[in-house]
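Participant: Please see the structure below; I have some questions.
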Amino acid sequence: MSLPSRALTRCGLLLAAVALLSACAATGTGSVAARYRCEHGIDFSVRFVDDSALIENSRASDVLFRDAGGQGASQPVYSNPRMRAEFGLGLGGREAVLRYPLLPLVARCVRDGKEGP
């Protein structure tokens, strides 16, 4: 398969995943969105569905898939080629870290409220 064909296939898979997660959120079958505030003026909401996380902010939406790392089920790690997100960190598990390897940028985050994992 040629490079453009692989890129289109990956884009198609990502769009399908976003559509599926959006449908789950709209019908209430997804988890409740957790809201995070981060360094560098970043804030986002995240919904966890099966082995994926849908991260949405005012600029973009990203679908991340469960990845290796973390300290078991209480500290899950999700990633895609653009970002890596680590959840369940800090005292009480209310902190997260977003890593953008292409920039490079690391943002430490804290969950608002008591909703979500």
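Ligands are numbered from 1 in the order shown, residues from 1 within each chain, and chains are lettered A, B, ... in the order they appear in the structure tokens.
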Write out as a ChimeraX atom specification the residues lying within 9 Å of segment 82-92 of chain A, counting only C-alpha atoms and excluding same-chain residues fewer than 4 positions away.

Facilitator: /A:62,64,67,69-70,73-78,96-102,117

Participant: Find the distance between atom CA of Leu105 of chain A and atom CA of Arg47 of chain A and write it in Å to one decimal.

Facilitator: 22.4 Å

Participant: To one decimal place in Å, what is the distance between atom CA of Gly93 of chain A and atom CA of Arg66 of chain A?

Facilitator: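 Computed distance, atom CA of Gly93 of chain A to atom CA of Arg66 of chain A, equals 17.5 Å.
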
Participant: Closest to Gly41 of chain A among A:Arg94, A:Ser79, A:Leu103, A:Asn57, using only C-alpha atoms?

Facilitator: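 So, comparing all the options, the nearest one is A:Asn57.
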
Participant: Write out as an MDAnalysis selection string all residues of segment 19-108 of chain A that DSSP puts in helix (DSSP H, G or I) for this structure's backbone.

Facilitator: chainID A and resid 19:27 39:41 91:93

Participant: Got time to write the residues from that selection, N, CA, C and O atoms, as a compact mmCIF listing (two decimals), in the first residue's frame?

Facilitator:
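Okay, this is what ended up in again_8.txt:
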```txt
# COMPACT_ATOMS: atom_id res chain seq x y z
N ALA A 19 -16.72 9.47 14.97
CA ALA A 19 -18.16 9.35 14.76
C ALA A 19 -18.78 8.38 15.76
O ALA A 19 -19.84 8.66 16.32
N LEU A 20 -18.12 7.26 15.99
CA LEU A 20 -18.62 6.27 16.94
C LEU A 20 -18.66 6.85 18.35
O LEU A 20 -19.66 6.73 19.06
N LEU A 21 -17.59 7.50 18.76
CA LEU A 21 -17.55 8.08 20.10
C LEU A 21 -18.56 9.21 20.25
O LEU A 21 -19.20 9.34 21.29
N SER A 22 -18.74 10.00 19.20
CA SER A 22 -19.74 11.07 19.25
C SER A 22 -21.14 10.50 19.36
O SER A 22 -21.97 11.01 20.10
N ALA A 23 -21.39 9.41 18.64
CA ALA A 23 -22.70 8.76 18.73
C ALA A 23 -22.94 8.20 20.12
O ALA A 23 -24.03 8.33 20.67
N CYS A 24 -21.92 7.60 20.71
CA CYS A 24 -22.05 7.09 22.08
C CYS A 24 -22.34 8.22 23.05
O CYS A 24 -23.17 8.10 23.94
N ALA A 25 -21.66 9.33 22.89
CA ALA A 25 -21.87 10.47 23.78
C ALA A 25 -23.28 11.02 23.61
O ALA A 25 -23.94 11.37 24.58
N ALA A 26 -23.75 11.09 22.37
CA ALA A 26 -25.07 11.65 22.10
C ALA A 26 -26.18 10.76 22.65
O ALA A 26 -27.21 11.25 23.09
N THR A 27 -25.98 9.45 22.66
CA THR A 27 -27.01 8.54 23.15
C THR A 27 -26.86 8.21 24.62
O THR A 27 -27.64 7.48 25.18
N GLU A 39 -1.63 23.76 32.25
CA GLU A 39 -0.65 24.82 32.00
C GLU A 39 -0.76 25.25 30.54
O GLU A 39 -1.35 24.55 29.72
N HIS A 40 -0.15 26.36 30.23
CA HIS A 40 -0.07 26.89 28.85
C HIS A 40 -1.44 27.25 28.28
O HIS A 40 -1.63 27.27 27.07
N GLY A 41 -2.43 27.49 29.16
CA GLY A 41 -3.75 27.91 28.71
C GLY A 41 -4.56 26.81 28.04
O GLY A 41 -5.51 27.09 27.32
N LEU A 91 -1.94 13.15 43.86
CA LEU A 91 -2.69 12.74 45.03
C LEU A 91 -4.17 12.70 44.70
O LEU A 91 -4.73 13.68 44.23
N GLY A 92 -4.80 11.59 44.88
CA GLY A 92 -6.22 11.45 44.57
C GLY A 92 -6.51 11.13 43.12
O GLY A 92 -7.66 10.99 42.73
N GLY A 93 -5.49 11.03 42.27
CA GLY A 93 -5.70 10.66 40.88
C GLY A 93 -6.39 11.70 40.03
O GLY A 93 -6.93 11.39 38.98
```

Participant: Which of segment 29-102 of chain A end up as strand (DSSP E or B) when DSSP is run on this backbone - answer as a PyMOL selection string?

Facilitator: chain A and resi 34-38+43-49+52-56+61-67+77-79+84-89+95-100

Participant: Report the distance between atom CA of Val32 of chain A and atom CA of Ser52 of chain A in Å, rounded to one decimal place.

Facilitator: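 Separation of atom CA of Val32 of chain A and atom CA of Ser52 of chain A: 13.7 Å.
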